[in-house]
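Accompanying notes for the structure given below.
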Amino acid sequence: MSDDFESTAPSPDAAERNLRILEALLFASAEPLSAGELAPHLGEGVDVEGLLALLAERYAGRGVHLVRRADKWAFRTAEDLSFLLRRETTDNKPLSRAALETLSIIAYHQPATRSEVEEVRGVATGKGTLDLLMEAGWVRMRGRRRTPGRPVTYGTTEAFLDHFGLESLADLPGLEELKGAGLLSGRLPPNMQIPLPFDGPLRDDEDPLDPDDIEGQDEEQ
Amino acid sequence: MSDDFESTAPSPDAAERNLRILEALLFASAEPLSAGELAPHLGEGVDVEGLLALLAERYAGRGVHLVRRADKWAFRTAEDLSFLLRRETTDNKPLSRAALETLSIIAYHQPATRSEVEEVRGVATGKGTLDLLMEAGWVRMRGRRRTPGRPVTYGTTEAFLDHFGLESLADLPGLEELKGAGLLSGRLPPNMQIPLPFDGPLRDDEDPLDPDDIEGQDEEQ
Amino acid sequence: MTPDSSTEWFEAPPPPDDEVMYVDVDGYEGPLDLLLDLARRQKVDLAQISVLALAEQYLSFIETVREKRIEIAADYLVMAAWLAYLKSRLMVPQAASDDEPTGEMMAALLQFRLKRLEAMRRTAMQLMNRPLLGQRMFARGAPEPITIHRKALWEASLFDLLRAYATQRERGVPNDYTPRERNVWSLQEAREILNRLIGDNMDWVPLDRYLAEYLATPAQRATAMASTFASSLELVRQGQVELRQSLAFGPLLVRRRKSDGPQTGT
């Protein structure tokens, strides 16, 4: 195998070869893939992120784009061609208003507990609504808040970003505006630090989920 | 007549636009699409086949190819990269006692026929056991013994030596060493011998394999 | 924060005439929802609403509902109590020593909650208007799945191999076990032999001498000696023979006993 020659100094050929491999892997997968998942297929010490950025650039004007979803990448049809592809989504039941509001509150206020969601909506949230959002794969249990009762904290998933065409939570519509208006906080805090939605690892005030919690929500992980 | 020129020779922009549309449609479709199915999404009087051929050409060197299946078209991973979509998982399994015994007899008594193996083991050896050893790459068919029935002779491979850390068959311990290692009890008839195994070229009493034998055992060679 | 883009949300209970309130709690998702609807009827930015007017409208709405004996969730009554308190705080001047929240603070909190709920409804709408995957943006329609080839990696050590071979070779050794034929004299046999040998000999004769013929082979010696000795003791007990040994390990002498009884023997 002549791979040894190519690995150290990335020749243009090696870069092309790696781009082809990335193309093939990302095309083949319906789900976004992370640089970490892609790297093993390339040579040693290859700058995967750099190659992905290059590939995204190459596809920028095409009918199919390479898009980023959190730390993962996927090919998706270009947004401007959606008129061609818009499908009659007869089987897609639209989300109920309650579910939609709950999803939105979790997205903008995450990590959020159920009672925090209820506080914003001013009404009790049925267990069914959260279950439905978790089943859709858009909401996940993150951990448990370090407060009395140790309530479960909820957050959004990568599938949420993918479904709504967001690169990251920073792309949530109107985020800056909401932050400026102080509407992302739980309480009325005119001069306190306004939190931003956060879907990273557990925060200081969050504990990991109990083993019992995790059972049955593997799909979402 | 100038109108005709405009309509028949599409502007580069229009062609690019149509290529983008084809790209998106073919990418998103679950099934290969024919020119007829694609045409309605493009402008009037567009040469769909021509565009498809152009698109196929553009993807020719990429990780994904536009391929024709009968009269339909689809994106498919480039043939030479199909290995990317195969995962080899290796399960470590201990060799069964039967396989281990068969292997050891072949190792010491090679070239050995199946019936010779059975004679030493005192029990019939399933075809599966030999297949397994050949699949593992440790045993190969050497030739056919020049005796009635022309039974196949088996021997060990280089991979066998490699796996068991032997430089050659001469490293297989002899009678005295086996005794010394406590693997043989002292109560053995004085005339018992450990044969000298042989994995060199065919012996005088061996014929080459028949052409039919060789088929399907390329991995072992 | 202009509420123009989210009109659909508020069409659910169609805004009726301000004076004639629809009495329909089913159209609302909780008291905050109802309050938001009432606030929107003031047709001003939520920041400009009169909280006092809002509280009054809510309270009169609840009053109407109760007059008509319509079942209403406790939430609505809790909110009504809170708003009644808010109203009193707003109308009665604050006492200096009062450490309860001021009416203005309570009004600001209500405004905040209404604005936040409205904002969340708007963002939910905006999310749904994004190019949704599977509706306006598409993943690969025919993903090419990764096929997994299970390959067994067989494990065996050289030691396993050698032991397997050694065990088999041992097993293969023709293990012809012929148990040594041991000539054991039974006591019965020994007695018969002894009786025959001694016959009617009344002289002292060493026992060995009688047995000389039998003791020729070392294999038989031990058993012959043991059995005849035991038998001789038995014969002595029966009074048929006499034994004599003059010193330890000396020759054991035997003779027929003179007896009156019938003699056994062949």
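Numbering starts fresh at 1 for the residues of each chain in the structure tokens, the chains themselves are lettered A, B, ... in the order given, and ligands are numbered from 1 as they appear.
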
Please run DSSP on the backbone and report, as a list of chain:residue names, all residues within range 47-100 of chain A that come out as strand (DSSP E or B).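 Residues of range 47-100 of chain A classed as strand (DSSP E or B): A:Val64, A:His65, A:Leu66, A:Val67, A:Arg68, A:Arg69, A:Lys72, A:Trp73, A:Ala74, A:Phe75, A:Arg76, A:Thr77.
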
Store the residues picked out above, limited to N, CA, C and O atoms, as an mmCIF file, in the first residue's frame.
data_model
loop_
_atom_site.group_PDB
_atom_site.id
_atom_site.type_symbol
_atom_site.label_atom_id
_atom_site.label_comp_id
_atom_site.auth_asym_id
_atom_site.auth_seq_id
_atom_site.Cartn_x
_atom_site.Cartn_y
_atom_site.Cartn_z
ATOM 1 N N VAL A 64 -27.514 20.756 -3.987
ATOM 2 C CA VAL A 64 -27.376 20.060 -2.708
ATOM 3 C C VAL A 64 -26.284 20.772 -1.935
ATOM 4 O O VAL A 64 -25.244 21.088 -2.507
ATOM 5 N N HIS A 65 -26.523 21.068 -0.676
ATOM 6 C CA HIS A 65 -25.530 21.772 0.133
ATOM 7 C C HIS A 65 -25.014 20.879 1.246
ATOM 8 O O HIS A 65 -25.728 19.999 1.719
ATOM 9 N N LEU A 66 -23.780 21.164 1.640
ATOM 10 C CA LEU A 66 -23.244 20.504 2.825
ATOM 11 C C LEU A 66 -23.501 21.447 3.995
ATOM 12 O O LEU A 66 -22.993 22.569 4.011
ATOM 13 N N VAL A 67 -24.322 21.017 4.931
ATOM 14 C CA VAL A 67 -24.696 21.905 6.031
ATOM 15 C C VAL A 67 -24.185 21.367 7.353
ATOM 16 O O VAL A 67 -23.954 20.167 7.516
ATOM 17 N N ARG A 68 -24.025 22.296 8.280
ATOM 18 C CA ARG A 68 -23.535 21.936 9.609
ATOM 19 C C ARG A 68 -24.720 21.863 10.562
ATOM 20 O O ARG A 68 -25.582 22.743 10.547
ATOM 21 N N ARG A 69 -24.728 20.835 11.395
ATOM 22 C CA ARG A 69 -25.767 20.687 12.421
ATOM 23 C C ARG A 69 -25.052 20.383 13.720
ATOM 24 O O ARG A 69 -24.568 19.274 13.896
ATOM 25 N N LYS A 72 -21.982 18.295 13.642
ATOM 26 C CA LYS A 72 -22.070 17.272 12.597
ATOM 27 C C LYS A 72 -22.376 17.901 11.245
ATOM 28 O O LYS A 72 -22.800 19.052 11.176
ATOM 29 N N TRP A 73 -22.174 17.121 10.215
ATOM 30 C CA TRP A 73 -22.358 17.610 8.850
ATOM 31 C C TRP A 73 -23.251 16.663 8.066
ATOM 32 O O TRP A 73 -23.222 15.465 8.263
ATOM 33 N N ALA A 74 -24.016 17.254 7.134
ATOM 34 C CA ALA A 74 -24.885 16.429 6.291
ATOM 35 C C ALA A 74 -25.158 17.152 4.979
ATOM 36 O O ALA A 74 -25.131 18.385 4.924
ATOM 37 N N PHE A 75 -25.392 16.361 3.944
ATOM 38 C CA PHE A 75 -25.861 16.943 2.687
ATOM 39 C C PHE A 75 -27.376 17.125 2.772
ATOM 40 O O PHE A 75 -28.089 16.228 3.218
ATOM 41 N N ARG A 76 -27.828 18.306 2.358
ATOM 42 C CA ARG A 76 -29.259 18.600 2.345
ATOM 43 C C ARG A 76 -29.561 19.368 1.067
ATOM 44 O O ARG A 76 -28.714 20.136 0.594
ATOM 45 N N THR A 77 -30.770 19.198 0.558
ATOM 46 C CA THR A 77 -31.121 19.951 -0.653
ATOM 47 C C THR A 77 -31.104 21.446 -0.341
ATOM 48 O O THR A 77 -31.372 21.860 0.779
#

Cα RMSD of chain A on chain B, all Cα atoms paired in order, least-squares fit?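 The root-mean-square deviation of C-alpha positions is 17.8 Å.
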
Compile the residues of chain C that lie within 9 Å of chain B, evaluated using only C-alpha atoms, and express the compilation as a PyMOL selection string. chain C and resi 137-158+160-174

Just write the chosen residues, N, CA, C and O atoms, as a compact mmCIF listing (two decimals), in the first residue's frame.
# COMPACT_ATOMS: atom_id res chain seq x y z
N MET C 137 -36.73 20.76 2.97
CA MET C 137 -35.32 20.46 2.80
C MET C 137 -35.21 18.95 2.95
O MET C 137 -35.92 18.37 3.77
N PHE C 138 -34.33 18.36 2.15
CA PHE C 138 -34.37 16.90 2.12
C PHE C 138 -33.01 16.27 2.33
O PHE C 138 -32.00 16.79 1.86
N ALA C 139 -33.05 15.18 3.00
CA ALA C 139 -31.85 14.36 3.15
C ALA C 139 -31.78 13.42 1.96
O ALA C 139 -32.70 13.38 1.15
N ARG C 140 -30.73 12.69 1.86
CA ARG C 140 -30.58 11.72 0.78
C ARG C 140 -31.78 10.77 0.81
O ARG C 140 -32.07 10.14 1.84
N GLY C 141 -32.47 10.72 -0.32
CA GLY C 141 -33.68 9.92 -0.38
C GLY C 141 -33.41 8.44 -0.30
O GLY C 141 -34.20 7.67 0.23
N ALA C 142 -32.26 8.05 -0.84
CA ALA C 142 -31.91 6.63 -0.83
C ALA C 142 -30.56 6.46 -0.15
O ALA C 142 -29.56 6.21 -0.79
N PRO C 143 -30.54 6.63 1.17
CA PRO C 143 -29.26 6.47 1.84
C PRO C 143 -28.70 5.09 1.61
O PRO C 143 -29.46 4.13 1.47
N GLU C 144 -27.40 5.02 1.50
CA GLU C 144 -26.78 3.72 1.26
C GLU C 144 -26.28 3.20 2.60
O GLU C 144 -25.35 3.73 3.18
N PRO C 145 -26.96 2.20 3.10
CA PRO C 145 -26.64 1.76 4.45
C PRO C 145 -25.26 1.11 4.51
O PRO C 145 -24.78 0.56 3.51
N ILE C 146 -24.71 1.21 5.67
CA ILE C 146 -23.42 0.55 5.88
C ILE C 146 -23.70 -0.91 6.19
O ILE C 146 -24.48 -1.23 7.07
N THR C 147 -23.09 -1.77 5.41
CA THR C 147 -23.31 -3.19 5.66
C THR C 147 -22.22 -3.69 6.59
O THR C 147 -21.05 -3.35 6.41
N ILE C 148 -22.65 -4.44 7.54
CA ILE C 148 -21.69 -4.90 8.53
C ILE C 148 -21.37 -6.37 8.29
O ILE C 148 -22.25 -7.21 8.23
N HIS C 149 -20.10 -6.61 8.08
CA HIS C 149 -19.65 -7.99 7.90
C HIS C 149 -19.12 -8.49 9.22
O HIS C 149 -18.15 -7.96 9.74
N ARG C 150 -19.77 -9.50 9.73
CA ARG C 150 -19.28 -10.07 10.98
C ARG C 150 -18.20 -11.07 10.64
O ARG C 150 -18.40 -11.98 9.86
N LYS C 151 -17.07 -10.84 11.20
CA LYS C 151 -15.97 -11.74 10.93
C LYS C 151 -15.51 -12.30 12.25
O LYS C 151 -15.23 -11.55 13.18
N ALA C 152 -15.45 -13.61 12.31
CA ALA C 152 -15.02 -14.22 13.55
C ALA C 152 -13.51 -14.26 13.57
O ALA C 152 -12.87 -14.70 12.63
N LEU C 153 -12.95 -13.73 14.61
CA LEU C 153 -11.52 -13.83 14.78
C LEU C 153 -11.30 -14.96 15.77
O LEU C 153 -11.60 -14.82 16.95
N TRP C 154 -10.79 -16.08 15.23
CA TRP C 154 -10.67 -17.24 16.10
C TRP C 154 -9.46 -17.08 16.99
O TRP C 154 -8.42 -16.61 16.57
N GLU C 155 -9.66 -17.48 18.18
CA GLU C 155 -8.59 -17.36 19.16
C GLU C 155 -8.12 -18.73 19.58
O GLU C 155 -8.93 -19.59 19.92
N ALA C 156 -6.85 -18.92 19.53
CA ALA C 156 -6.27 -20.15 20.04
C ALA C 156 -4.81 -19.87 20.30
O ALA C 156 -4.16 -19.16 19.54
N SER C 157 -4.30 -20.39 21.37
CA SER C 157 -2.88 -20.16 21.66
C SER C 157 -2.10 -21.41 21.27
O SER C 157 -2.67 -22.48 21.08
N LEU C 158 -0.81 -21.23 21.17
CA LEU C 158 0.03 -22.37 20.83
C LEU C 158 -0.12 -23.46 21.89
O LEU C 158 -0.16 -24.64 21.58
N ASP C 160 -2.76 -24.17 23.63
CA ASP C 160 -4.01 -24.90 23.36
C ASP C 160 -3.77 -25.94 22.28
O ASP C 160 -4.25 -27.08 22.36
N LEU C 161 -3.06 -25.50 21.26
CA LEU C 161 -2.83 -26.37 20.11
C LEU C 161 -2.02 -27.60 20.51
O LEU C 161 -2.37 -28.73 20.18
N LEU C 162 -0.95 -27.33 21.24
CA LEU C 162 -0.08 -28.45 21.64
C LEU C 162 -0.79 -29.39 22.58
O LEU C 162 -0.67 -30.61 22.48
N ARG C 163 -1.57 -28.80 23.48
CA ARG C 163 -2.27 -29.66 24.43
C ARG C 163 -3.29 -30.53 23.70
O ARG C 163 -3.44 -31.70 23.99
N ALA C 164 -3.96 -29.91 22.71
CA ALA C 164 -4.94 -30.67 21.95
C ALA C 164 -4.27 -31.85 21.25
O ALA C 164 -4.78 -32.96 21.25
N TYR C 165 -3.09 -31.57 20.70
CA TYR C 165 -2.39 -32.65 19.99
C TYR C 165 -1.95 -33.73 20.96
O TYR C 165 -2.17 -34.92 20.73
N ALA C 166 -1.35 -33.28 22.05
CA ALA C 166 -0.83 -34.24 23.02
C ALA C 166 -1.95 -35.12 23.57
O ALA C 166 -1.81 -36.34 23.66
N THR C 167 -3.07 -34.50 23.89
CA THR C 167 -4.19 -35.26 24.44
C THR C 167 -4.64 -36.32 23.46
O THR C 167 -4.93 -37.45 23.83
N GLN C 168 -4.67 -35.93 22.20
CA GLN C 168 -5.14 -36.90 21.21
C GLN C 168 -4.18 -38.04 21.02
O GLN C 168 -4.59 -39.17 20.85
N ARG C 169 -2.90 -37.69 21.00
CA ARG C 169 -1.93 -38.76 20.81
C ARG C 169 -2.00 -39.73 21.98
O ARG C 169 -1.93 -40.93 21.80
N GLU C 170 -2.15 -39.20 23.15
CA GLU C 170 -2.28 -40.09 24.31
C GLU C 170 -3.51 -40.96 24.18
O GLU C 170 -3.48 -42.14 24.46
N ARG C 171 -4.58 -40.31 23.71
CA ARG C 171 -5.82 -41.03 23.56
C ARG C 171 -5.64 -42.14 22.52
O ARG C 171 -6.20 -43.21 22.62
N GLY C 172 -4.81 -41.85 21.52
CA GLY C 172 -4.63 -42.80 20.41
C GLY C 172 -3.73 -43.98 20.76
O GLY C 172 -3.72 -44.97 20.05
N VAL C 173 -2.96 -43.84 21.84
CA VAL C 173 -2.06 -44.93 22.19
C VAL C 173 -2.88 -46.17 22.50
O VAL C 173 -3.79 -46.12 23.30
N PRO C 174 -2.56 -47.29 21.82
CA PRO C 174 -3.34 -48.49 22.08
C PRO C 174 -3.15 -48.92 23.52
O PRO C 174 -2.08 -49.34 23.93

For Gly61 in chain A, the closest of B:Glu177, B:Asp131, B:Glu16, B:Asp47 counting only C-alpha atoms is B:Glu16

Counting only C-alpha atoms, chain B residues within 7 Å of chain A, as a ChimeraX atom specification: /B:20-21,23-24,41,62-64,77,81

Within 9 Å of Leu197 in chain C using only C-alpha atoms, minus same-chain residues under 4 positions, as a ChimeraX atom specification: /C:192-193,201,210-211

Same residues, all heavy atoms, output as a PDB file, in the first residue's frame:
ATOM      1  N   GLU C 192      -7.841 -77.203  51.751  1.00  0.00           N
ATOM      2  CA  GLU C 192      -7.879 -78.498  51.061  1.00  0.00           C
ATOM      3  C   GLU C 192      -6.473 -78.971  50.712  1.00  0.00           C
ATOM      4  O   GLU C 192      -6.102 -80.121  50.903  1.00  0.00           O
ATOM      5  CB  GLU C 192      -8.720 -78.391  49.777  1.00  0.00           C
ATOM      6  CG  GLU C 192     -10.200 -78.397  50.097  1.00  0.00           C
ATOM      7  CD  GLU C 192     -11.051 -78.052  48.873  1.00  0.00           C
ATOM      8  OE1 GLU C 192     -10.508 -78.042  47.741  1.00  0.00           O
ATOM      9  OE2 GLU C 192     -12.244 -77.789  49.055  1.00  0.00           O
ATOM     10  N   ILE C 193      -5.700 -77.999  50.176  1.00  0.00           N
ATOM     11  CA  ILE C 193      -4.326 -78.355  49.805  1.00  0.00           C
ATOM     12  C   ILE C 193      -3.540 -78.821  51.041  1.00  0.00           C
ATOM     13  O   ILE C 193      -2.860 -79.858  51.038  1.00  0.00           O
ATOM     14  CB  ILE C 193      -3.635 -77.162  49.138  1.00  0.00           C
ATOM     15  CG1 ILE C 193      -4.241 -76.926  47.738  1.00  0.00           C
ATOM     16  CG2 ILE C 193      -2.122 -77.404  49.011  1.00  0.00           C
ATOM     17  CD1 ILE C 193      -3.810 -75.627  47.109  1.00  0.00           C
ATOM     18  N   ASN C 201       0.473 -87.543  58.268  1.00  0.00           N
ATOM     19  CA  ASN C 201       1.810 -87.436  58.805  1.00  0.00           C
ATOM     20  C   ASN C 201       1.784 -86.869  60.211  1.00  0.00           C
ATOM     21  O   ASN C 201       1.381 -85.739  60.446  1.00  0.00           O
ATOM     22  CB  ASN C 201       2.606 -86.487  57.870  1.00  0.00           C
ATOM     23  CG  ASN C 201       4.086 -86.606  58.131  1.00  0.00           C
ATOM     24  OD1 ASN C 201       4.500 -87.167  59.170  1.00  0.00           O
ATOM     25  ND2 ASN C 201       4.877 -86.097  57.219  1.00  0.00           N
ATOM     26  N   TYR C 210       6.163 -78.382  52.873  1.00  0.00           N
ATOM     27  CA  TYR C 210       4.949 -78.843  52.193  1.00  0.00           C
ATOM     28  C   TYR C 210       4.659 -77.984  50.987  1.00  0.00           C
ATOM     29  O   TYR C 210       4.198 -78.423  49.940  1.00  0.00           O
ATOM     30  CB  TYR C 210       3.732 -78.746  53.131  1.00  0.00           C
ATOM     31  CG  TYR C 210       3.649 -79.887  54.122  1.00  0.00           C
ATOM     32  CD1 TYR C 210       3.528 -79.643  55.475  1.00  0.00           C
ATOM     33  CD2 TYR C 210       3.637 -81.226  53.668  1.00  0.00           C
ATOM     34  CE1 TYR C 210       3.426 -80.663  56.387  1.00  0.00           C
ATOM     35  CE2 TYR C 210       3.539 -82.247  54.590  1.00  0.00           C
ATOM     36  CZ  TYR C 210       3.439 -81.984  55.933  1.00  0.00           C
ATOM     37  OH  TYR C 210       3.337 -82.993  56.831  1.00  0.00           O
ATOM     38  N   LEU C 211       4.941 -76.676  51.179  1.00  0.00           N
ATOM     39  CA  LEU C 211       4.513 -75.729  50.150  1.00  0.00           C
ATOM     40  C   LEU C 211       5.588 -75.492  49.099  1.00  0.00           C
ATOM     41  O   LEU C 211       5.389 -74.699  48.178  1.00  0.00           O
ATOM     42  CB  LEU C 211       4.132 -74.386  50.792  1.00  0.00           C
ATOM     43  CG  LEU C 211       2.925 -74.468  51.741  1.00  0.00           C
ATOM     44  CD1 LEU C 211       2.708 -73.131  52.407  1.00  0.00           C
ATOM     45  CD2 LEU C 211       1.673 -74.885  50.989  1.00  0.00           C
TER      46      LEU C 211
END

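Within the 10 Å cut-off around Ser168 in chain A, using only C-alpha atoms and omitting residues fewer than 6 positions from it on the same chain, the listed residues are Arg68, Arg69, Ala70, Asp71, Glu158, Phe160, Leu161, Asp162, Phe198 and Asp199 of chain A.
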
So how many Å separate CA of Gln111 in chain C and CA of Gly180 in chain A, to one decimal?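 Separation between CA of Gln111 in chain C and CA of Gly180 in chain A: 15.7 Å.
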
Need the shell around Gln42 in chain C: protein/DNA/RNA residues with any atom at most 10 Å away, counting only C-alpha atoms. Skip same-chain ones fewer than 5 positions apart. Format as a list in words? Asp18, Asp37, Gln48, Ile49, Ser50, Ala53 and Leu54 of chain C

Using C-alpha atoms, can you write the selected residues to a file as a short mmCIF file (atom, residue, chain, number, x, y, z; two decimals), in the first residue's frame?
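And here is the file that came out, part_24.cif:
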data_model
loop_
_atom_site.label_atom_id
_atom_site.label_comp_id
_atom_site.auth_asym_id
_atom_site.auth_seq_id
_atom_site.Cartn_x
_atom_site.Cartn_y
_atom_site.Cartn_z
CA ASP C 18 -64.89 44.64 23.80
CA ASP C 37 -55.95 37.55 24.69
CA GLN C 48 -48.11 49.91 26.93
CA ILE C 49 -51.06 47.94 28.26
CA SER C 50 -52.94 49.13 31.26
CA ALA C 53 -57.67 47.67 33.05
CA LEU C 54 -56.48 44.18 32.23
#

When DSSP is applied to the backbone of this structure, which of range 16-80 of chain A are assigned helix (DSSP H, G or I)? Write them out as a PyMOL selection string. chain A and resi 16-28+35-41+48-58+79-80

Straight-line distance linking CA of Glu234 in chain C with CA of Ala219 in chain C, stated in Å to one decimal: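 Separation between CA of Glu234 in chain C and CA of Ala219 in chain C: 24.1 Å.
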
CA of Ala124 in chain A to CA of Ile72 in chain C, straight-line distance in Å: 14.7 Å
